[in-house]
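Structure file final28.txt with compact mmCIF, C-alpha atoms and all ligand atoms:
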```txt
# COMPACT_ATOMS: atom_id res chain seq x y z
CA ALA A 1 133.88 140.18 123.87
CA GLU A 2 131.29 140.23 121.13
CA GLU A 3 128.64 141.22 123.68
CA LEU A 4 130.85 144.04 124.96
CA LEU A 5 131.47 145.23 121.45
CA ARG A 6 127.76 145.29 120.78
CA LYS A 7 127.22 147.28 123.96
CA SER A 8 129.84 149.85 123.06
CA ASP A 9 128.35 150.09 119.57
CA LYS A 10 125.00 150.88 121.08
CA LEU A 11 126.47 153.45 123.42
CA SER A 12 128.18 155.29 120.62
CA ILE A 13 124.95 155.33 118.61
CA VAL A 14 123.10 156.77 121.60
CA GLY A 15 125.92 159.28 122.07
CA GLN A 16 125.76 160.34 118.44
CA LEU A 17 122.01 160.71 118.58
CA ALA A 18 122.20 162.71 121.80
CA ALA A 19 124.78 165.01 120.24
CA SER A 20 122.67 165.65 117.17
CA VAL A 21 119.48 166.17 119.19
CA ALA A 22 121.30 168.65 121.40
CA HIS A 23 122.62 170.47 118.35
CA GLU A 24 119.26 170.61 116.58
CA ILE A 25 117.48 171.98 119.63
CA ARG A 26 120.20 174.40 120.62
CA ASN A 27 119.98 176.32 117.33
CA PRO A 28 116.36 177.44 117.69
CA LEU A 29 116.89 177.99 121.42
CA THR A 30 119.84 180.29 120.75
CA ALA A 31 117.73 182.25 118.28
CA LEU A 32 114.89 182.58 120.82
CA LYS A 33 117.28 183.68 123.52
CA GLY A 34 118.70 186.33 121.18
CA PHE A 35 115.24 187.76 120.54
CA ILE A 36 114.43 187.92 124.23
CA GLN A 37 117.74 189.63 124.98
CA LEU A 38 117.00 192.09 122.20
CA PHE A 39 113.57 192.88 123.67
CA GLN A 40 115.09 193.23 127.11
CA SER A 41 117.77 195.68 126.02
CA LYS A 42 115.47 197.79 123.81
CA GLY A 43 112.29 197.64 125.86
CA ILE A 44 109.34 195.77 124.44
CA VAL A 45 108.43 198.23 121.69
CA ASP A 46 107.76 196.95 118.20
CA CYS A 47 108.48 193.30 118.85
CA GLU A 48 105.39 191.99 117.01
CA LYS A 49 107.33 191.53 113.81
CA TYR A 50 109.58 189.02 115.56
CA TYR A 51 106.74 186.92 116.90
CA GLY A 52 106.38 184.99 113.64
CA ILE A 53 110.03 183.96 113.65
CA MET A 54 109.91 183.09 117.33
CA LEU A 55 106.84 180.92 116.81
CA ASP A 56 108.55 179.18 113.88
CA GLU A 57 111.52 178.37 116.10
CA LEU A 58 109.28 177.11 118.90
CA ASN A 59 107.29 175.00 116.43
CA ARG A 60 110.53 173.46 115.24
CA ILE A 61 111.56 172.45 118.74
CA GLU A 62 108.07 171.09 119.35
CA GLN A 63 108.14 169.04 116.13
CA ILE A 64 111.57 167.57 116.87
CA ILE A 65 110.46 166.54 120.34
CA THR A 66 107.18 165.06 119.07
CA GLU A 67 109.02 162.91 116.53
CA LEU A 68 111.64 161.80 119.04
CA LEU A 69 108.88 160.77 121.43
CA ILE A 70 107.35 158.54 118.77
CA LEU A 71 110.74 156.88 118.53
CA ALA A 72 111.24 156.59 122.26
CA LYS A 73 107.68 155.63 123.15
CA PRO A 74 107.80 152.95 125.83
CA GLN A 75 104.03 152.43 125.53
CA SER A 76 102.74 148.89 125.47
CA LYS A 77 102.92 147.56 121.96
CA THR A 78 100.15 145.28 120.81
CA VAL A 79 101.07 143.11 117.89
CA GLU A 80 98.02 142.29 115.80
CA LYS A 81 97.28 140.55 112.53
CA LYS A 82 96.19 143.25 110.11
CA GLY A 83 95.44 143.71 106.44
CA ILE A 84 97.90 145.97 104.67
CA LYS A 85 95.17 147.19 102.32
CA GLU A 86 93.04 148.66 105.13
CA LEU A 87 96.12 150.23 106.68
CA ILE A 88 97.15 151.93 103.44
CA HIS A 89 93.60 153.12 102.77
CA TYR A 90 93.50 154.66 106.24
CA VAL A 91 96.68 156.64 105.53
CA VAL A 92 95.56 157.69 102.04
CA ASP A 93 92.22 158.95 103.42
CA LEU A 94 94.15 160.87 106.05
CA LEU A 95 96.50 162.57 103.59
CA ASP A 96 94.33 162.87 100.48
CA ARG A 97 93.10 166.37 101.28
CA GLN A 98 96.61 167.64 101.97
CA ALA A 99 97.75 166.00 98.73
CA LEU A 100 95.01 167.61 96.64
CA VAL A 101 95.85 171.05 98.03
CA HIS A 102 99.27 170.50 96.44
CA ASN A 103 97.75 169.13 93.25
CA VAL A 104 98.99 165.65 94.07
CA HIS A 105 96.81 162.62 93.29
CA ILE A 106 97.27 159.35 95.11
CA VAL A 107 96.49 156.26 93.04
CA CYS A 108 96.37 152.87 94.75
CA ASP A 109 96.72 149.49 93.11
CA LEU A 110 96.53 146.99 95.95
CA GLU A 111 96.21 143.28 95.27
CA GLU A 112 92.97 141.68 96.53
CA ASN A 113 93.02 139.13 99.35
CA LEU A 114 96.55 139.82 100.50
CA PRO A 115 97.51 137.69 103.51
CA LEU A 116 97.61 139.43 106.91
CA ILE A 117 100.80 140.67 108.53
CA ASN A 118 101.80 140.82 112.20
CA CYS A 119 102.18 144.45 113.15
CA VAL A 120 101.87 147.24 115.65
CA GLU A 121 99.18 149.10 113.77
CA ASN A 122 100.00 152.66 114.84
CA GLU A 123 103.67 152.20 114.10
CA LEU A 124 103.06 150.95 110.57
CA LYS A 125 100.57 153.77 109.97
CA GLN A 126 103.29 156.20 111.07
CA VAL A 127 105.69 154.72 108.51
CA PHE A 128 103.21 155.10 105.65
CA ILE A 129 102.32 158.62 106.78
CA ASN A 130 106.03 159.57 106.76
CA LEU A 131 106.64 158.06 103.33
CA VAL A 132 103.53 159.47 101.64
CA LYS A 133 104.23 162.90 103.17
CA ASN A 134 107.74 162.80 101.75
CA ALA A 135 106.30 161.91 98.35
CA ILE A 136 103.85 164.85 98.52
CA GLU A 137 106.60 167.21 99.64
CA ALA A 138 108.81 166.06 96.75
CA MET A 139 106.22 167.33 94.24
CA PRO A 140 105.64 171.04 94.90
CA ASP A 141 104.12 171.42 91.43
CA GLY A 142 101.84 168.41 91.80
CA GLY A 143 101.89 164.95 90.27
CA ILE A 144 100.85 161.39 90.96
CA ILE A 145 101.82 159.05 93.77
CA HIS A 146 101.37 155.38 92.91
CA ILE A 147 100.99 152.97 95.80
CA ASP A 148 101.15 149.32 94.76
CA SER A 149 101.19 146.23 96.88
CA GLU A 150 101.42 142.58 96.00
CA ARG A 151 102.42 139.25 97.44
CA LYS A 152 105.96 138.07 96.69
CA GLY A 153 106.48 134.59 98.15
CA ARG A 154 106.51 134.81 101.95
CA ASN A 155 106.40 138.60 101.87
CA ILE A 156 104.21 141.49 100.93
CA GLU A 157 105.86 144.16 98.84
CA ILE A 158 104.58 147.72 98.89
CA ILE A 159 105.94 150.37 96.55
CA ILE A 160 105.35 154.08 96.95
CA GLN A 161 106.39 155.84 93.77
CA ASP A 162 106.40 159.58 93.23
CA GLN A 163 107.25 161.84 90.29
CA GLY A 164 109.09 164.34 92.44
CA CYS A 165 112.48 165.97 92.64
CA GLY A 166 114.30 162.69 93.32
CA ILE A 167 117.40 162.18 95.44
CA PRO A 168 120.91 162.59 94.03
CA PRO A 169 123.11 159.45 94.35
CA GLU A 170 125.47 161.08 96.86
CA SER A 171 122.53 161.80 99.18
CA LEU A 172 121.02 158.30 99.03
CA LYS A 173 123.47 156.99 101.60
CA LYS A 174 122.54 159.71 104.06
CA LEU A 175 118.87 158.69 104.18
CA GLY A 176 117.85 157.53 107.62
CA GLU A 177 120.58 159.50 109.37
CA PRO A 178 119.01 161.52 112.16
CA PHE A 179 118.38 165.16 111.18
CA TYR A 180 119.44 164.70 107.57
CA SER A 181 116.97 166.93 105.77
CA THR A 182 117.03 169.07 102.64
CA LYS A 183 113.81 170.87 103.59
CA GLU A 184 113.63 174.29 105.16
CA LYS A 185 111.16 173.04 107.76
CA GLY A 186 112.19 169.39 107.78
CA THR A 187 113.28 167.53 110.89
CA GLY A 188 115.10 164.68 109.18
CA LEU A 189 113.59 162.19 111.60
CA GLY A 190 110.85 160.62 109.46
CA LEU A 191 113.02 158.14 107.58
CA MET A 192 115.08 157.20 110.61
CA THR A 193 111.87 156.39 112.51
CA SER A 194 110.49 154.48 109.52
CA TYR A 195 113.64 152.35 109.11
CA LYS A 196 113.58 151.50 112.80
CA ILE A 197 109.91 150.50 112.80
CA ILE A 198 110.20 148.36 109.66
CA GLN A 199 113.30 146.67 111.06
CA GLU A 200 111.34 145.84 114.22
CA HIS A 201 108.70 144.27 111.97
CA PHE A 202 111.41 142.06 110.40
CA GLY A 203 111.03 143.90 107.13
CA GLN A 204 113.13 146.05 104.84
CA ILE A 205 113.00 149.46 103.20
CA ASN A 206 114.80 150.07 99.91
CA ILE A 207 114.89 153.44 98.21
CA GLU A 208 115.61 153.96 94.54
CA SER A 209 115.69 157.39 93.03
CA ASP A 210 116.32 159.16 89.78
CA SER A 211 117.40 162.71 90.40
CA GLY A 212 114.77 164.92 88.77
CA ARG A 213 112.44 162.05 87.82
CA GLY A 214 111.13 160.63 91.05
CA THR A 215 111.61 158.21 93.89
CA ALA A 216 110.39 154.69 94.59
CA VAL A 217 110.31 153.44 98.15
CA GLN A 218 109.95 149.68 98.49
CA ILE A 219 108.75 148.19 101.78
CA ILE A 220 108.97 144.46 102.32
CA LEU A 221 107.04 142.88 105.21
CA PRO A 222 106.79 139.21 106.10
CA ILE A 223 103.40 137.49 105.97
CA ALA A 224 102.04 136.44 109.38
P1 LIG B 1 112.21 165.43 106.42
O1 LIG B 1 111.02 165.01 105.58
O2 LIG B 1 111.82 166.08 107.69
O3 LIG B 1 113.22 166.23 105.64
P2 LIG B 1 112.87 162.61 106.31
O4 LIG B 1 113.67 161.74 107.21
O5 LIG B 1 111.45 162.21 106.09
O6 LIG B 1 112.98 164.09 106.87
O7 LIG B 1 113.59 162.68 104.89
C1 LIG B 1 114.97 163.05 104.85
C2 LIG B 1 115.34 163.61 103.48
O8 LIG B 1 115.27 162.58 102.49
C3 LIG B 1 114.41 164.69 102.97
O9 LIG B 1 114.74 165.97 103.48
C4 LIG B 1 114.65 164.61 101.46
O10 LIG B 1 115.82 165.28 101.09
C5 LIG B 1 114.90 163.12 101.25
N1 LIG B 1 113.68 162.43 100.77
C6 LIG B 1 112.92 161.55 101.47
N2 LIG B 1 111.90 161.08 100.73
C7 LIG B 1 112.00 161.69 99.52
C8 LIG B 1 111.23 161.63 98.28
N3 LIG B 1 110.14 160.86 98.17
N4 LIG B 1 111.66 162.39 97.24
C9 LIG B 1 112.75 163.16 97.35
N5 LIG B 1 113.50 163.27 98.48
C10 LIG B 1 113.14 162.54 99.55
MG MG B 2 109.69 163.48 106.07
```
Full structure transcribed into structure tokens:
Amino acid sequence: AEELLRKSDKLSIVGQLAASVAHEIRNPLTALKGFIQLFQSKGIVDCEKYYGIMLDELNRIEQIITELLILAKPQSKTVEKKGIKELIHYVVDLLDRQALVHNVHIVCDLEENLPLINCVENELKQVFINLVKNAIEAMPDGGIIHIDSERKGRNIEIIIQDQGCGIPPESLKKLGEPFYSTKEKGTGLGLMTSYKIIQEHFGQINIESDSGRGTAVQIILPIA
């Protein structure tokens, strides 16, 4: 009976996800259809001004599908022993330019000689990319992102702290729900993907936030 219950739980989660994916993709599709019907009924004069909006809508669909594919990827997963320091430096190098454009500085304080962790490298990189991007996006007027990591017993603890807009208490419980986003161009899939990946690595993500003062995301990963 327990097994059955677990199966029906899974089904309803899949059903919920399918419903929200369908909803999220139908909105931009309906908008695109409207534009095409408009062009059709009025002839194709003067439609250039709508191209920008249409491209935005298409980009949105593309982004949603790209992120869902990361989540669904059946590709072979190679688990390797990796150093968290190298992984974080890779992500910081990748996002530093984008950060500086927004006047955001990334400061790392990573303990030396941290033990290795077992991980699927690309998946963990994706998590750090998602979290650092969120931190950058939370600080439209610039600021500092602190990334610290240290050993805590059998685990490695990484903290990504920003000085951004923060998350009000009533929204904290919605984090990780598919498509929960407060951003105009957000997909609301980054945190859900990150939670899933960290869970598959036998780790944990905890988010603490002070509305208006900043957010700290703690990632705990077991040592190999
Ligand atoms: P997206 O970034 O596409 O909106 P995410 O799943 O990455 O989707 O994040 C969901 C929501 O969580 C964001 O829209 C934002 O409201 C909130 N959030 C996540 N990280 C932060 C952060 N560092 N500071 C403030 N809000 C955040
Ligand atoms: Mg995000």
Which of these residues is nearest to ligand MG 2 (chain B), using only C-alpha atoms and all ligand atoms: A:Glu67, A:Asp109, A:Asp148, A:Asp162?
->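 Distance minimum relative to ligand MG 2 (chain B) lands on A:Glu67.
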Would you mind telling me which residue in A:Val79, A:Ile64, A:Leu221, A:Leu58 lies nearest to ligand LIG 1 (chain B) when using only C-alpha atoms and all ligand atoms?
->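 Of A:Val79, A:Ile64, A:Leu221, A:Leu58, the one nearest ligand LIG 1 (chain B), counting only C-alpha atoms and all ligand atoms, is A:Ile64.
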Residue neighbourhood segment 181-196 of chain A, 7 Å, all atoms listed in the file, exclusion window fewer than 4 positions, as a CSV table (one decimal) with C-alpha atoms, keeping the file's coordinate frame:
```csv
chain,number,residue,atom,x,y,z
A,64,ILE,CA,111.6,167.6,116.9
A,67,GLU,CA,109.0,162.9,116.5
A,71,LEU,CA,110.7,156.9,118.5
A,127,VAL,CA,105.7,154.7,108.5
A,130,ASN,CA,106.0,159.6,106.8
A,175,LEU,CA,118.9,158.7,104.2
A,176,GLY,CA,117.8,157.5,107.6
A,177,GLU,CA,120.6,159.5,109.4
A,200,GLU,CA,111.3,145.8,114.2
A,205,ILE,CA,113.0,149.5,103.2
```
Could you name the residues that touch Leu17 of chain A at 10 Å or less, counting all atoms listed in the file, but leaving out those on the same chain fewer than 6 positions away, as a list in words?
->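 Neighbouring residues, sequence-local ones excluded: Leu11, His23, Glu177, Pro178 and Phe179 of chain A.
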Given 6 Å of margin on each side, can you work out the centre and size in Å (one decimal) of an axis-aligned box holding every listed atom of segment 80-96 of chain A, as AutoDock Vina command-line options?
```
--center_x 95.1 --center_y 151.7 --center_z 108.1 --size_x 17.8 --size_y 34.3 --size_z 27.3
```
Can you work out which one of A:Val132, A:Leu68, A:Leu87, A:Ile61 has the shortest atom-to-atom distance to ligand LIG 1 (chain B), counting all atoms listed in the file?
->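 Of all the options, A:Val132 lies closest to ligand LIG 1 (chain B).
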Atom O4 of ligand LIG 1 (chain B) and atom CA of Gln126 of chain A, how far apart in Å?
->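 Result for atom CA of Gln126 of chain A versus atom O4 of ligand LIG 1 (chain B): 12.4 Å, one decimal.
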How far is it from atom CA of Asn206 of chain A to atom CA of Ile159 of chain A, in Å with one decimal?
->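 Result for atom CA of Asn206 of chain A versus atom CA of Ile159 of chain A: 9.5 Å, one decimal.
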Skip Asn122 of chain A itself and residues of its chain fewer than 4 positions away, then list as a PDB file with C-alpha atoms, in the coordinates of the input all residues within 12 Å of it, counting all atoms listed in the file.
```pdb
ATOM      1  CA  ILE A  70     107.350 158.540 118.770  1.00  0.00           C
ATOM      2  CA  LYS A  73     107.680 155.630 123.150  1.00  0.00           C
ATOM      3  CA  GLN A  75     104.030 152.430 125.530  1.00  0.00           C
ATOM      4  CA  SER A  76     102.740 148.890 125.470  1.00  0.00           C
ATOM      5  CA  LYS A  77     102.920 147.560 121.960  1.00  0.00           C
ATOM      6  CA  THR A  78     100.150 145.280 120.810  1.00  0.00           C
ATOM      7  CA  VAL A  79     101.070 143.110 117.890  1.00  0.00           C
ATOM      8  CA  GLU A  80      98.020 142.290 115.800  1.00  0.00           C
ATOM      9  CA  LYS A  82      96.190 143.250 110.110  1.00  0.00           C
ATOM     10  CA  LEU A  87      96.120 150.230 106.680  1.00  0.00           C
ATOM     11  CA  ILE A  88      97.150 151.930 103.440  1.00  0.00           C
ATOM     12  CA  TYR A  90      93.500 154.660 106.240  1.00  0.00           C
ATOM     13  CA  VAL A  91      96.680 156.640 105.530  1.00  0.00           C
ATOM     14  CA  GLN A 126     103.290 156.200 111.070  1.00  0.00           C
ATOM     15  CA  VAL A 127     105.690 154.720 108.510  1.00  0.00           C
ATOM     16  CA  PHE A 128     103.210 155.100 105.650  1.00  0.00           C
ATOM     17  CA  ILE A 129     102.320 158.620 106.780  1.00  0.00           C
ATOM     18  CA  SER A 194     110.490 154.480 109.520  1.00  0.00           C
ATOM     19  CA  ILE A 197     109.910 150.500 112.800  1.00  0.00           C
TER      20      ILE A 197
END
```
Choose the residue, out of A:Lys81, A:His89, A:His105, A:Arg60, that has the smallest atom-to-atom separation from ligand LIG 1 (chain B); count all atoms listed in the file.
-> A:Arg60
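The residue that comes closest to Ile147 of chain A, out of A:Asn59, A:Gln16, A:Gln161, A:Ser209 and on the basis of all atoms listed in the file, is A:Gln161.
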Ligand MG 2 (chain B) proximity check over A:Ile25, A:Ile65, A:Ala18, A:Ala138, using all atoms listed in the file: winner is A:Ala138
Quick one: pull the distance between atom CA of Ala99 of chain A and atom CA of Asn134 of chain A, Å, one decimal.
-> 10.9 Å
Contacts of Ile136 of chain A at 12 Å (all atoms listed in the file; same-chain gap of 2+ positions) as number ranges by chain | A: 92, 95-106, 129-134, 138-146, 160-166, 214-215
Neighbours of Leu29 of chain A within 12 Å (only C-alpha atoms; same-chain residues fewer than 3 positions away dropped), as a list in words?
->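 Skipping anything fewer than 3 positions along the chain leaves Ala22, His23, Glu24, Ile25, Arg26, Leu32, Lys33, Gly34, Phe35, Ile36, Ile53, Met54, Leu55, Asp56, Glu57, Leu58, Asn59, Arg60, Ile61 and Glu62 of chain A.
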